[in-house]
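*Asks:* Just passing along the structure, written as structure tokens.
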Amino acid sequence: MTVTVNGKPMELPEGLSIEDLLARLKVRREFTAVALNREVAQRARYAETRLSDGDKIEIVHPMGGG
Amino acid sequence: MYDTSLWLGGKEFKSRLIVGTGKYPSFENMREAIEASGAEIVTVAVRRVSLPGQGESLLDFVDPKKYTLLPNTAGCYTADEAVRTCYLAREAGLGTLVKLEVIGDSRTLFPDVIGLLEATRTLSREGFTVLPYTNDDPVMAKKLEDAGAAAVMPLGAPIGSGLGIRNPYNIKLILEAVTVPVIVDAGVGTASDAAIAMELGCDGVLMNTAIASAKDPVAMATAMRLAVEAGRLAFKAGRIGKKLYATASSPLEGVPEWTS
């Protein structure tokens, strides 16, 4: 399946969860949040939230700003 | 001297200077400058992580246990984007104190006050402590307060412009119009600008570029800390009125005569 992660299309195995994706991309967890198709994903439900073909994922964290 | 603290969302702050974390030459320099500024509240942007992850993180240099983080919605052009960004920030563990920006124009970065008002209403209802970045317009400031804003943050001049407080009279009118804290956000170029904002009676000043892009950010952060304190003290002390002609400081009686 193809999932767009932070604007880039990625080829990923079927049935991958948000938890799996974050581990695969080696994303630091603290102060990180995920949006799945414009909705904020609940941290506590990362493991059970499965991704589907065509999903759009945003993974964000704090950066320098004013 | 006796002074009250700045209260935002039920939290007490001794420092009336809020600083940003953007545009510093290095994370290390930023850490030192923030320390020198004495600020207790530090703004951050919410942005995509670089992939694969594991790089250095801003929060390795700004201890979230020591500072109150103030996520912003910079780069959002609609109320919907701004609201979603705040939800993301909350889920990321950045708290519910937010600097709300809804930008209306990319060249001036002036706020879209219609979207701003809508987002302020939504987020306040959802339990966020909303600090909206707004125009120096007393009418809008009042509307934002009525919509639930915990403070109003009028611009002194465009973001990053360093033009100072362009319309001090409007800032004064905003201070009369609302009861929530007024924090000048954007436009400060140097220490005197910060002092002017505080002398007008503002409750705080928020700045980023003036410190981060100075030749020596740590020295400028120190200057800003002193300017905010000096301006606040001068405001509390009560300045003299302005007069067109001189008023002698020395007694007019008892001047010796030298005529022969």
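Residue numbers start at 1 in each chain; chains themselves are named A, B, ... in the order of the structure tokens; ligands are numbered from 1 in the order shown.
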Please check the contacts: residues of chain B at most 7 Å away from chain A, using only C-alpha atoms, listed as number ranges by chain.

*Replies:* B: 20-22, 43-49, 51-54, 58, 87-88, 91-94, 207-208

*Asks:* Can you check which residues of segment 70-186 of chain B DSSP gives as strand (DSSP E or B) on the backbone and send them as a PyMOL selection string?

*Replies:* chain B and resi 70-72+97-100+103+111+129-134+152-154+182-185

*Asks:* May I have the residues within 7 Å of Thr134 of chain B as a ChimeraX atom specification, using only C-alpha atoms and disregarding those fewer than 3 positions away in the same chain?

*Replies:* /B:111,113,153-155

*Asks:* Restricting it to N, CA and C atoms, dump the selection as a PDB file, in the first residue's frame.

*Replies:*
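Final output, saved to result33.pdb:
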```pdb
ATOM      1  N   PRO B 111      -2.417  39.461  10.685  1.00  0.00           N
ATOM      2  CA  PRO B 111      -3.403  38.430  11.004  1.00  0.00           C
ATOM      3  C   PRO B 111      -4.691  38.559  10.194  1.00  0.00           C
ATOM      4  N   VAL B 113      -8.067  38.546  11.036  1.00  0.00           N
ATOM      5  CA  VAL B 113      -8.752  38.654  12.326  1.00  0.00           C
ATOM      6  C   VAL B 113     -10.090  37.914  12.357  1.00  0.00           C
ATOM      7  N   MET B 153      -2.557  39.807  22.110  1.00  0.00           N
ATOM      8  CA  MET B 153      -1.167  40.090  21.743  1.00  0.00           C
ATOM      9  C   MET B 153      -1.114  40.904  20.451  1.00  0.00           C
ATOM     10  N   PRO B 154      -1.297  42.238  20.592  1.00  0.00           N
ATOM     11  CA  PRO B 154      -1.227  43.085  19.408  1.00  0.00           C
ATOM     12  C   PRO B 154       0.207  43.206  18.903  1.00  0.00           C
ATOM     13  N   LEU B 155       0.326  43.351  17.605  1.00  0.00           N
ATOM     14  CA  LEU B 155       1.649  43.560  17.025  1.00  0.00           C
ATOM     15  C   LEU B 155       2.075  45.006  17.241  1.00  0.00           C
TER      16      LEU B 155
END
```

*Asks:* My list of candidates is B:Thr108, B:Thr129, B:Ser192, B:Ser37. Which is closest to Ala230 of chain B when distances are computed with only C-alpha atoms?

*Replies:*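 With only C-alpha atoms as the atom set, the closest residue is B:Ser192.
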